[in-house]
>>> print(open('structure_16.tsv').read())   # TSV, C-alpha atoms and all ligand atoms
chain	number	residue	atom	x	y	z
A	77	MET	CA	-7.74	22.92	-40.74
A	78	ASN	CA	-4.20	21.58	-40.67
A	79	GLU	CA	-3.72	18.32	-38.77
A	80	ILE	CA	-2.92	18.33	-35.07
A	81	ILE	CA	0.55	16.82	-34.71
A	82	LEU	CA	1.98	15.89	-31.32
A	83	HIS	CA	5.74	15.37	-31.01
A	84	HIS	CA	6.19	13.20	-27.93
A	85	TYR	CA	7.28	9.88	-26.45
A	86	ASP	CA	5.13	7.40	-24.55
A	87	ALA	CA	6.88	7.65	-21.17
A	88	SER	CA	6.64	11.46	-20.87
A	89	PRO	CA	4.23	12.64	-18.15
A	90	TYR	CA	3.80	16.06	-19.75
A	91	ALA	CA	2.95	14.31	-23.01
A	92	GLU	CA	0.43	12.17	-21.12
A	93	LYS	CA	-1.23	15.39	-19.92
A	94	ILE	CA	-1.74	16.47	-23.53
A	95	ARG	CA	-2.70	13.00	-24.82
A	96	LEU	CA	-5.49	12.89	-22.21
A	97	ILE	CA	-6.66	16.38	-23.13
A	98	LEU	CA	-6.82	15.24	-26.76
A	99	GLY	CA	-8.88	12.30	-25.49
A	100	ALA	CA	-11.23	14.45	-23.38
A	101	LYS	CA	-11.85	16.61	-26.45
A	102	ARG	CA	-12.24	13.52	-28.69
A	103	LEU	CA	-9.73	14.85	-31.17
A	104	ALA	CA	-7.99	13.05	-34.01
A	105	TRP	CA	-4.24	13.69	-34.12
A	106	ARG	CA	-0.98	12.54	-35.64
A	107	SER	CA	1.70	11.09	-33.41
A	108	VAL	CA	5.40	11.74	-34.05
A	109	GLN	CA	7.64	9.81	-31.69
A	110	ILE	CA	10.70	11.85	-30.67
A	111	PRO	CA	13.90	10.76	-28.88
A	112	TRP	CA	14.02	10.81	-25.07
A	113	VAL	CA	17.39	12.56	-25.13
A	114	MET	CA	19.31	15.02	-27.24
A	115	PRO	CA	20.10	15.21	-30.11
A	116	LYS	CA	16.58	15.73	-31.52
A	117	PRO	CA	17.41	17.16	-34.96
A	118	ASP	CA	13.93	16.80	-36.45
A	119	LEU	CA	12.18	18.42	-33.48
A	120	VAL	CA	14.73	21.21	-33.25
A	121	ALA	CA	14.27	21.96	-36.98
A	122	LEU	CA	10.71	22.93	-36.03
A	123	THR	CA	11.34	24.64	-32.70
A	124	GLY	CA	14.67	26.34	-33.38
A	125	GLY	CA	16.24	24.75	-30.29
A	126	TYR	CA	13.49	24.06	-27.74
A	127	ARG	CA	14.00	20.42	-26.74
A	128	ARG	CA	11.39	19.64	-24.11
A	129	THR	CA	8.54	17.19	-24.53
A	130	PRO	CA	5.87	17.49	-25.87
A	131	VAL	CA	5.57	19.99	-28.73
A	132	LEU	CA	2.36	20.59	-30.68
A	133	GLN	CA	2.42	21.41	-34.37
A	134	VAL	CA	-0.48	22.67	-36.45
A	135	GLY	CA	0.80	23.31	-39.96
A	136	ALA	CA	3.59	25.89	-39.66
A	137	ASP	CA	2.67	26.86	-36.08
A	138	VAL	CA	4.74	25.16	-33.41
A	139	TYR	CA	3.59	25.36	-29.79
A	140	CYS	CA	6.06	24.81	-26.96
A	141	ASP	CA	5.07	23.96	-23.37
A	142	THR	CA	1.92	22.19	-22.22
A	143	ALA	CA	0.61	25.33	-20.50
A	144	LEU	CA	0.21	26.89	-23.96
A	145	ILE	CA	-0.61	23.65	-25.79
A	146	ALA	CA	-3.59	23.06	-23.47
A	147	ARG	CA	-4.90	26.57	-24.20
A	148	VAL	CA	-4.47	26.09	-27.95
A	149	LEU	CA	-6.44	22.83	-27.77
A	150	ASP	CA	-9.22	24.71	-25.93
A	151	GLU	CA	-9.33	27.09	-28.91
A	152	ILE	CA	-9.39	24.25	-31.44
A	153	ALA	CA	-12.01	22.17	-29.58
A	154	PRO	CA	-13.82	24.13	-26.85
A	155	ALA	CA	-15.67	21.18	-25.24
A	156	PRO	CA	-14.95	20.54	-22.47
A	157	ARG	CA	-13.48	24.00	-21.89
A	158	LEU	CA	-10.52	23.49	-19.57
A	159	HIS	CA	-9.63	27.15	-18.97
A	160	ARG	CA	-12.36	29.55	-17.92
A	161	SER	CA	-11.67	32.99	-16.57
A	162	ASP	CA	-14.46	32.51	-14.01
A	163	ARG	CA	-12.65	29.44	-12.66
A	164	MET	CA	-9.52	30.98	-11.23
A	165	ALA	CA	-9.28	28.10	-8.74
A	166	ALA	CA	-8.71	25.65	-11.61
A	167	LEU	CA	-5.99	27.80	-13.16
A	168	SER	CA	-4.26	28.34	-9.81
A	169	VAL	CA	-4.33	24.66	-8.82
A	170	ALA	CA	-2.89	23.77	-12.23
A	171	ASP	CA	-0.07	26.32	-11.90
A	172	LEU	CA	0.80	25.13	-8.41
A	173	ALA	CA	0.73	21.47	-9.42
A	174	GLU	CA	3.16	22.16	-12.28
A	175	ARG	CA	5.49	23.99	-9.92
A	176	GLU	CA	5.27	21.72	-6.86
A	177	LEU	CA	3.78	18.34	-7.63
A	178	PHE	CA	5.69	17.57	-10.83
A	179	GLY	CA	9.02	18.26	-9.11
A	180	ALA	CA	7.95	16.07	-6.19
A	181	ALA	CA	6.97	13.22	-8.51
A	182	VAL	CA	10.27	13.38	-10.40
A	183	GLY	CA	12.29	13.48	-7.16
A	184	PHE	CA	10.27	10.54	-5.84
A	185	VAL	CA	10.59	8.37	-8.97
A	186	PHE	CA	14.34	9.01	-9.21
A	187	GLN	CA	15.14	6.41	-6.55
A	188	PRO	CA	16.41	2.87	-7.12
A	189	ARG	CA	12.89	1.35	-6.85
A	190	GLY	CA	11.64	3.77	-9.50
A	191	PHE	CA	14.51	3.27	-11.94
A	192	SER	CA	13.44	-0.28	-12.84
A	193	ALA	CA	10.22	1.06	-14.37
A	194	LEU	CA	11.76	4.22	-15.79
A	195	PHE	CA	14.57	2.35	-17.52
A	196	GLN	CA	12.62	-0.72	-18.56
A	197	GLY	CA	14.08	-2.20	-21.72
A	198	MET	CA	17.13	0.12	-21.69
A	199	GLY	CA	20.73	-1.11	-21.74
A	200	LYS	CA	23.51	0.28	-19.54
A	201	ALA	CA	24.72	2.69	-22.23
A	202	GLN	CA	21.21	4.07	-22.77
A	203	ILE	CA	20.70	4.60	-19.04
A	204	GLU	CA	24.01	6.43	-18.81
A	205	ALA	CA	23.11	8.58	-21.80
A	206	PHE	CA	19.74	9.39	-20.20
A	207	MET	CA	21.29	10.38	-16.87
A	208	ALA	CA	23.93	12.54	-18.58
A	209	ASP	CA	21.27	14.20	-20.75
A	210	ARG	CA	19.04	15.09	-17.81
A	211	LYS	CA	22.02	16.41	-15.83
A	212	ALA	CA	22.94	18.64	-18.76
A	213	MET	CA	19.30	19.70	-19.15
A	214	ARG	CA	19.23	20.97	-15.57
A	215	ALA	CA	22.52	22.90	-15.89
A	216	GLY	CA	21.91	26.51	-14.98
A	217	GLY	CA	18.41	25.71	-13.76
A	218	ALA	CA	16.61	24.33	-10.73
A	219	PRO	CA	18.15	21.11	-9.28
A	220	ARG	CA	16.08	17.95	-8.89
A	221	MET	CA	14.31	17.70	-5.51
A	222	GLU	CA	15.95	15.36	-2.96
A	223	LEU	CA	14.04	12.17	-2.13
A	224	PRO	CA	12.94	13.04	1.45
A	225	GLU	CA	11.56	16.45	0.42
A	226	ALA	CA	9.99	14.95	-2.68
A	227	THR	CA	8.31	12.22	-0.62
A	228	GLY	CA	6.95	14.75	1.87
A	229	LEU	CA	5.60	17.05	-0.83
A	230	LEU	CA	4.03	14.15	-2.72
A	231	HIS	CA	2.16	13.01	0.41
A	232	HIS	CA	1.14	16.61	1.11
A	233	TRP	CA	-0.53	16.78	-2.32
A	234	LEU	CA	-2.08	13.32	-2.09
A	235	GLN	CA	-3.55	14.14	1.32
A	236	ARG	CA	-4.88	17.48	0.13
A	237	VAL	CA	-6.45	16.06	-3.05
A	238	SER	CA	-7.85	13.11	-1.13
A	239	GLU	CA	-9.59	15.39	1.42
A	240	HIS	CA	-10.88	17.59	-1.39
A	241	LEU	CA	-12.43	14.61	-3.19
A	242	ALA	CA	-13.98	13.24	-0.01
A	243	ASP	CA	-17.32	14.99	-0.71
A	244	GLY	CA	-17.82	12.67	-3.70
A	245	ARG	CA	-17.10	15.18	-6.46
A	246	ALA	CA	-16.09	13.66	-9.79
A	247	PHE	CA	-13.44	16.24	-10.76
A	248	LEU	CA	-11.29	18.67	-8.83
A	249	VAL	CA	-12.93	22.03	-9.44
A	250	ALA	CA	-16.19	21.51	-11.33
A	251	ASP	CA	-18.60	18.79	-12.44
A	252	GLU	CA	-16.61	18.56	-15.65
A	253	PRO	CA	-12.84	18.31	-16.00
A	254	THR	CA	-10.73	21.48	-15.96
A	255	ILE	CA	-7.03	22.06	-16.56
A	256	ALA	CA	-6.52	21.35	-12.83
A	257	ASP	CA	-7.42	17.68	-13.31
A	258	PHE	CA	-4.84	17.15	-16.05
A	259	ALA	CA	-2.09	19.14	-14.30
A	260	VAL	CA	-2.50	17.19	-11.06
A	261	TYR	CA	-2.95	13.87	-12.83
A	262	HIS	CA	0.19	13.64	-14.95
A	263	PRO	CA	2.76	13.71	-12.12
A	264	LEU	CA	0.77	11.01	-10.30
A	265	TRP	CA	0.65	8.97	-13.53
A	266	PHE	CA	4.46	9.13	-13.57
A	267	VAL	CA	4.51	7.66	-10.04
A	268	ALA	CA	1.87	5.05	-10.94
A	269	ARG	CA	4.03	3.77	-13.82
A	270	ALA	CA	6.65	2.51	-11.38
A	271	PRO	CA	4.96	-0.59	-9.84
A	272	ALA	CA	7.24	-0.62	-6.79
A	273	LEU	CA	6.28	2.99	-5.99
A	274	ALA	CA	2.63	2.99	-7.05
A	275	THR	CA	1.67	1.51	-3.67
A	276	VAL	CA	1.93	5.05	-2.30
A	277	LEU	CA	-1.20	5.93	-4.32
A	278	GLY	CA	-3.06	2.95	-2.86
A	279	GLU	CA	-3.00	4.74	0.49
A	280	TYR	CA	-5.41	7.29	-1.03
A	281	PRO	CA	-8.33	5.36	-2.60
A	282	GLY	CA	-10.30	8.51	-3.44
A	283	VAL	CA	-7.34	9.78	-5.45
A	284	SER	CA	-6.99	6.45	-7.25
A	285	ALA	CA	-10.69	6.49	-8.19
A	286	TRP	CA	-10.37	10.05	-9.53
A	287	MET	CA	-7.24	9.02	-11.48
A	288	ALA	CA	-9.24	6.22	-13.09
A	289	ARG	CA	-11.88	8.77	-14.17
A	290	VAL	CA	-9.21	10.97	-15.80
A	291	ALA	CA	-7.49	7.98	-17.43
A	292	ALA	CA	-10.87	6.95	-18.90
A	293	PHE	CA	-10.76	9.96	-21.24
A	294	GLY	CA	-8.23	8.00	-23.26
A	295	HIS	CA	-6.04	9.55	-25.90
A	296	GLY	CA	-8.46	10.38	-28.72
A	297	THR	CA	-7.73	8.92	-32.13
A	298	SER	CA	-4.08	9.00	-33.13
A	299	SER	CA	-2.23	7.73	-36.14
A	300	PRO	CA	1.53	7.58	-36.52
A	301	MET	CA	3.43	10.14	-38.57
A	302	SER	CA	7.11	10.30	-39.45
A	303	ALA	CA	9.21	13.30	-38.47
A	304	GLU	CA	9.92	13.88	-42.18
A	305	ALA	CA	6.17	14.04	-42.93
A	306	ALA	CA	5.69	16.52	-40.06
A	307	LEU	CA	8.45	18.73	-41.51
A	308	ALA	CA	6.82	18.49	-44.93
A	309	ALA	CA	3.48	19.56	-43.35
A	310	ALA	CA	5.21	22.62	-41.89
A	311	ARG	CA	6.79	23.50	-45.25
A	312	ALA	CA	3.46	23.14	-47.02
A	313	ALA	CA	1.60	25.45	-44.62
A	314	SER	CA	1.77	29.13	-43.71
A	315	PRO	CA	1.83	30.28	-40.08
A	316	ALA	CA	-1.39	31.74	-38.66
A	317	ALA	CA	-1.69	35.54	-38.77
A	318	PRO	CA	-0.04	37.04	-35.67
A	319	GLN	CA	-2.30	40.12	-35.91
A	320	ALA	CA	-5.05	38.09	-34.23
A	321	HIS	CA	-3.24	38.74	-30.94
A	322	PRO	CA	-3.01	42.11	-29.16
A	323	TRP	CA	0.51	43.54	-28.84
A	324	VAL	CA	1.68	44.28	-25.30
A	325	ASP	CA	5.30	44.97	-24.52
A	326	TRP	CA	7.37	45.05	-21.35
A	327	HIS	CA	10.75	44.52	-23.04
A	328	GLY	CA	10.94	47.57	-25.28
A	329	CYS	CA	10.39	45.45	-28.41
A	330	GLN	CA	8.73	46.17	-31.73
A	331	PRO	CA	7.20	43.60	-34.09
A	332	GLY	CA	9.99	42.01	-36.12
A	333	ASP	CA	12.78	42.67	-33.60
A	334	GLU	CA	15.38	39.92	-33.39
A	335	VAL	CA	15.09	38.29	-29.96
A	336	ILE	CA	15.81	35.12	-28.02
A	337	ILE	CA	13.21	33.20	-26.02
A	338	GLU	CA	14.17	30.40	-23.63
A	339	PRO	CA	12.68	28.52	-20.67
A	340	ALA	CA	13.46	30.15	-17.32
A	341	ASP	CA	13.65	26.90	-15.32
A	342	TYR	CA	15.40	23.98	-17.10
A	343	GLY	CA	16.14	22.75	-20.59
A	344	ILE	CA	17.38	26.28	-21.21
A	345	VAL	CA	18.12	26.32	-24.94
A	346	PRO	CA	17.80	29.72	-26.63
A	347	VAL	CA	15.47	30.02	-29.62
A	348	ARG	CA	16.29	32.93	-31.90
A	349	GLY	CA	13.92	34.63	-34.30
A	350	LEU	CA	11.87	37.70	-35.14
A	351	LEU	CA	9.27	38.63	-32.55
A	352	ALA	CA	5.84	38.16	-34.13
A	353	ILE	CA	3.47	37.84	-31.15
A	354	SER	CA	3.86	39.65	-27.85
A	355	ALA	CA	0.44	39.12	-26.27
A	356	PRO	CA	-0.46	39.15	-22.57
A	357	GLU	CA	-0.25	35.36	-22.27
A	358	ARG	CA	1.94	34.30	-25.18
A	359	LEU	CA	4.96	35.09	-27.31
A	360	ALA	CA	5.93	33.84	-30.76
A	361	LEU	CA	9.00	34.03	-32.98
A	362	ARG	CA	9.11	33.82	-36.74
A	363	ARG	CA	12.00	31.78	-38.06
A	364	ILE	CA	13.02	30.26	-41.34
A	365	ASP	CA	14.48	26.79	-41.18
A	366	PRO	CA	16.09	24.96	-44.09
A	367	ARG	CA	13.98	21.84	-43.34
A	368	ALA	CA	10.77	23.25	-41.83
A	369	GLY	CA	10.42	26.43	-43.91
A	370	GLU	CA	8.89	29.53	-42.36
A	371	VAL	CA	7.43	28.69	-38.95
A	372	LEU	CA	5.98	30.55	-35.99
A	373	VAL	CA	7.27	29.13	-32.70
A	374	HIS	CA	4.93	29.95	-29.81
A	375	PHE	CA	5.68	30.02	-26.07
A	376	PRO	CA	3.68	30.92	-22.99
A	377	ARG	CA	4.89	34.22	-21.51
A	378	VAL	CA	5.00	32.92	-17.94
A	379	GLY	CA	7.97	30.66	-17.30
A	380	TYR	CA	9.99	31.95	-20.28
A	381	ARG	CA	12.59	34.69	-20.70
A	382	LEU	CA	12.75	37.05	-23.65
A	383	ARG	CA	16.06	38.85	-24.31
A	384	ARG	CA	18.08	40.50	-27.04
A	385	PRO	CA	20.72	38.34	-28.77
B	1	LIG	N1	6.92	23.24	-18.66
B	1	LIG	C1	7.09	22.24	-19.66
B	1	LIG	C2	7.81	21.02	-19.06
B	1	LIG	C3	7.98	19.87	-20.05
B	1	LIG	C4	8.95	18.82	-19.53
B	1	LIG	O1	9.72	19.01	-18.59
B	1	LIG	N2	8.95	17.67	-20.19
B	1	LIG	C5	9.89	16.64	-19.88
B	1	LIG	C6	9.31	15.29	-20.25
B	1	LIG	S1	7.89	14.88	-19.29
B	1	LIG	C7	11.11	16.84	-20.72
B	1	LIG	O2	11.12	17.71	-21.57
B	1	LIG	N3	12.16	16.04	-20.53
B	1	LIG	C8	13.31	16.14	-21.35
B	1	LIG	C9	13.11	15.71	-22.76
B	1	LIG	O3	12.09	15.10	-23.09
B	1	LIG	O4	14.00	15.94	-23.55
B	1	LIG	C10	5.73	21.86	-20.24
B	1	LIG	O5	4.69	22.09	-19.58
B	1	LIG	O6	5.67	21.40	-21.38
>>> encode(input="structure_16.tsv", output="structure tokens")
Amino acid sequence: MNEIILHHYDASPYAEKIRLILGAKRLAWRSVQIPWVMPKPDLVALTGGYRRTPVLQVGADVYCDTALIARVLDEIAPAPRLHRSDRMAALSVADLAERELFGAAVGFVFQPRGFSALFQGMGKAQIEAFMADRKAMRAGGAPRMELPEATGLLHHWLQRVSEHLADGRAFLVADEPTIADFAVYHPLWFVARAPALATVLGEYPGVSAWMARVAAFGHGTSSPMSAEAALAAARAASPAAPQAHPWVDWHGCQPGDEVIIEPADYGIVPVRGLLAISAPERLALRRIDPRAGEVLVHFPRVGYRLRRP
């Protein structure tokens, strides 16, 4: 099998979600560090425009969004299986955490006491570039949550998780970890990274103990890879056969139609290509890039828009 390549940066909570899943599954992977802000020319050569973090690459298949990346990792390494159709509670908690808790954590950390951790080691120009980049990334999408609402929602989640864990269970939904554990964990990890704000977690010892159990999965075995080597790996490989996925269509599209896919919430950069997969849960575009060669760029269906150019 082609190597598992994660394009990410250390401070990204969504990347931490995937690094921990790689750890829980004891996988070996290659680590490509990407910039925090645009431009990201090497990443975009693979994705066709998608700029969010992280992105998973397996040969010439490029997977955008952690909702899909987590499912792909379940296919590559089924134990522990994080998504099970008989565990709808796990899937629903994960979806809700991505929608509510992540926004609350970001709104909470974006306060002066959080900036010191977020911007550690950055100069004034870098901080300004970061703020301008994130403002541009949210243009046309959902605004960042205001601090009082973010604080209230964060406590709401912490209280709820704390009460849920009070019966002594090890993980949120089952005896083993599910996708719910990783989706709830990564926003709290983002809060925990800011020492001046992490005290909020100390108010919920059961949550802190559960966080330690999730953190103990570690990150698997990673070794660094350059962006150039990742592009060479894409050029050397062929994308997986799209026929493995059933074709369902609610857009009036045929295989090979030229379409655009973009996130529906923020970081809305259109990716243009030929529709290759239109399955119930996922979409993929075929594109040819001068640096990456022929690649298949995959997206989850939920949370993304498909339209004609
Ligand atoms: N729904 C996406 C959200 C990813 C996301 O928002 N990632 C943040 C970093 S944690 C991001 O892309 N920030 C801007 C950037 O890295 O350029 C996913 O699950 O992958």
>>> residues_near_ligand(input="structure_16.tsv", ligand="ligand LIG 1 (chain B)", cutoff="7 Å", atoms="all atoms listed in the file", output="list in words")
Ser88, Pro89, Tyr90, Ala91, Trp112, Val113, Met114, Arg127, Arg128, Thr129, Pro130, Cys140, Asp141, Thr142, Ala143 and Arg210 of chain A
>>> write_last_selection(input="structure_16.tsv", atoms="C-alpha atoms", output="PDB file, in the coordinates of the input")
ATOM      1  CA  SER A  88       6.640  11.460 -20.870  1.00  0.00           C
ATOM      2  CA  PRO A  89       4.230  12.640 -18.150  1.00  0.00           C
ATOM      3  CA  TYR A  90       3.800  16.060 -19.750  1.00  0.00           C
ATOM      4  CA  ALA A  91       2.950  14.310 -23.010  1.00  0.00           C
ATOM      5  CA  TRP A 112      14.020  10.810 -25.070  1.00  0.00           C
ATOM      6  CA  VAL A 113      17.390  12.560 -25.130  1.00  0.00           C
ATOM      7  CA  MET A 114      19.310  15.020 -27.240  1.00  0.00           C
ATOM      8  CA  ARG A 127      14.000  20.420 -26.740  1.00  0.00           C
ATOM      9  CA  ARG A 128      11.390  19.640 -24.110  1.00  0.00           C
ATOM     10  CA  THR A 129       8.540  17.190 -24.530  1.00  0.00           C
ATOM     11  CA  PRO A 130       5.870  17.490 -25.870  1.00  0.00           C
ATOM     12  CA  CYS A 140       6.060  24.810 -26.960  1.00  0.00           C
ATOM     13  CA  ASP A 141       5.070  23.960 -23.370  1.00  0.00           C
ATOM     14  CA  THR A 142       1.920  22.190 -22.220  1.00  0.00           C
ATOM     15  CA  ALA A 143       0.610  25.330 -20.500  1.00  0.00           C
ATOM     16  CA  ARG A 210      19.040  15.090 -17.810  1.00  0.00           C
TER      17      ARG A 210
END
>>> closest_atom_pairs(input="structure_16.tsv", of="range 260-297 of chain A", to="range 219-243 of chain A", cutoff="10 Å", atoms="only C-alpha atoms", output="CSV")
residue,atom,partner,partner_atom,distance
A:Val260,CA,A:Trp233,CA,9.0
A:Pro263,CA,A:Leu230,CA,9.5
A:Leu264,CA,A:Leu230,CA,8.8
A:Val267,CA,A:Leu230,CA,9.8
A:Val276,CA,A:His231,CA,8.4
A:Leu277,CA,A:Leu234,CA,7.8
A:Glu279,CA,A:Leu234,CA,9.0
A:Tyr280,CA,A:Ser238,CA,6.3
A:Pro281,CA,A:Ser238,CA,7.9
A:Gly282,CA,A:Ser238,CA,5.7
A:Val283,CA,A:Ser238,CA,5.5
A:Ser284,CA,A:Ser238,CA,9.1
A:Ala285,CA,A:Leu241,CA,9.7
A:Trp286,CA,A:Leu241,CA,8.1
>>> closest_residue(input="structure_16.tsv", among="A:Arg245, A:Arg106, A:Arg175, A:Arg189", to="His84 in chain A", atoms="only C-alpha atoms")
A:Arg106
>>> residues_around(input="structure_16.tsv", residues="range 160-172 of chain A", least_positions_apart="6", cutoff="7 Å", atoms="all atoms listed in the file", output="PyMOL selection string")
chain A and resi 249+254-256+259-260
>>> residues_around(input="structure_16.tsv", residues="Pro331 in chain A", least_positions_apart="5", cutoff="10 Å", atoms="only C-alpha atoms", output="PyMOL selection string")
chain A and resi 318+323+325+350-354+361
>>> closest_residue(input="structure_16.tsv", among="A:Ala146, A:Val290, A:Val131, A:Ala360", to="Asp257 in chain A", atoms="only C-alpha atoms")
A:Val290
>>> closest_residue(input="structure_16.tsv", among="A:Ala270, A:Ala368, A:Ala312, A:Val335", to="Gln187 in chain A", atoms="all atoms listed in the file")
A:Ala270
>>> axis_aligned_box(input="structure_16.tsv", around="range 374-383 of chain A", padding_each_side="3 Å", output="AutoDock Vina command-line options")
--center_x 9.9 --center_y 34.4 --center_z -23.6 --size_x 18.4 --size_y 14.9 --size_z 18.5
>>> closest_residue(input="structure_16.tsv", among="A:Ala272, A:Ala201, A:Ala100, A:Leu307", to="Val138 in chain A", atoms="all atoms listed in the file")
A:Leu307
>>> closest_residue(input="structure_16.tsv", among="A:Pro115, A:Gly216, A:Gly369, A:Pro188", to="Ala136 in chain A", atoms="only C-alpha atoms")
A:Gly369
>>> closest_residue(input="structure_16.tsv", among="A:Leu158, A:Leu273, A:Val347, A:Ile80", to="Phe247 in chain A", atoms="all atoms listed in the file")
A:Leu158
>>> atom_distance(input="structure_16.tsv", atom1="CA of Arg367 in chain A", atom2="CA of Ala303 in chain A")
10.9 Å
>>> atom_distance(input="structure_16.tsv", atom1="CA of Met287 in chain A", atom2="CA of Phe206 in chain A")
28.4 Å
>>> atom_distance(input="structure_16.tsv", atom1="CA of Phe178 in chain A", atom2="CA of Val120 in chain A")
24.4 Å
>>> decode(input="structure_16.tsv", residues="range 277-328 of chain A", atoms="C-alpha atoms", output="CSV table (one decimal), in the first residue's frame")
chain,number,residue,atom,x,y,z
A,277,LEU,CA,-10.8,22.2,32.4
A,278,GLY,CA,-9.6,21.7,36.0
A,279,GLU,CA,-13.1,22.4,37.1
A,280,TYR,CA,-14.1,19.1,35.5
A,281,PRO,CA,-11.8,16.4,36.9
A,282,GLY,CA,-13.6,13.5,35.2
A,283,VAL,CA,-13.2,15.2,31.8
A,284,SER,CA,-9.5,15.8,32.5
A,285,ALA,CA,-9.0,12.1,33.3
A,286,TRP,CA,-10.8,11.1,30.1
A,287,MET,CA,-8.7,13.5,28.1
A,288,ALA,CA,-5.6,11.9,29.6
A,289,ARG,CA,-6.9,8.5,28.4
A,290,VAL,CA,-7.4,9.8,24.8
A,291,ALA,CA,-4.0,11.6,24.8
A,292,ALA,CA,-2.4,8.3,25.8
A,293,PHE,CA,-3.1,6.9,22.4
A,294,GLY,CA,-0.2,9.0,21.2
A,295,HIS,CA,0.4,9.7,17.5
A,296,GLY,CA,1.6,6.4,16.1
A,297,THR,CA,4.9,6.3,14.4
A,298,SER,CA,5.6,9.3,12.1
A,299,SER,CA,8.6,10.3,10.1
A,300,PRO,CA,9.1,13.6,8.4
A,301,MET,CA,8.6,14.0,4.7
A,302,SER,CA,9.2,17.1,2.5
A,303,ALA,CA,6.4,18.6,0.5
A,304,GLU,CA,8.4,17.8,-2.7
A,305,ALA,CA,8.6,14.1,-1.8
A,306,ALA,CA,4.8,14.0,-1.1
A,307,LEU,CA,4.2,15.5,-4.6
A,308,ALA,CA,6.6,13.0,-6.1
A,309,ALA,CA,4.6,10.2,-4.3
A,310,ALA,CA,1.4,11.5,-5.9
A,311,ARG,CA,3.0,11.6,-9.4
A,312,ALA,CA,4.3,8.1,-9.0
A,313,ALA,CA,1.0,6.6,-8.0
A,314,SER,CA,-2.4,6.2,-9.7
A,315,PRO,CA,-5.7,7.1,-7.9
A,316,ALA,CA,-7.8,4.3,-6.5
A,317,ALA,CA,-10.6,3.1,-8.8
A,318,PRO,CA,-13.7,5.2,-8.3
A,319,GLN,CA,-16.0,2.3,-9.4
A,320,ALA,CA,-15.6,0.9,-5.9
A,321,HIS,CA,-18.2,3.5,-4.8
A,322,PRO,CA,-21.9,3.4,-5.7
A,323,TRP,CA,-23.1,6.4,-7.8
A,324,VAL,CA,-25.9,8.4,-6.4
A,325,ASP,CA,-26.8,11.8,-7.7
A,326,TRP,CA,-28.9,14.8,-6.5
A,327,HIS,CA,-27.3,17.4,-8.7
A,328,GLY,CA,-28.1,16.1,-12.1
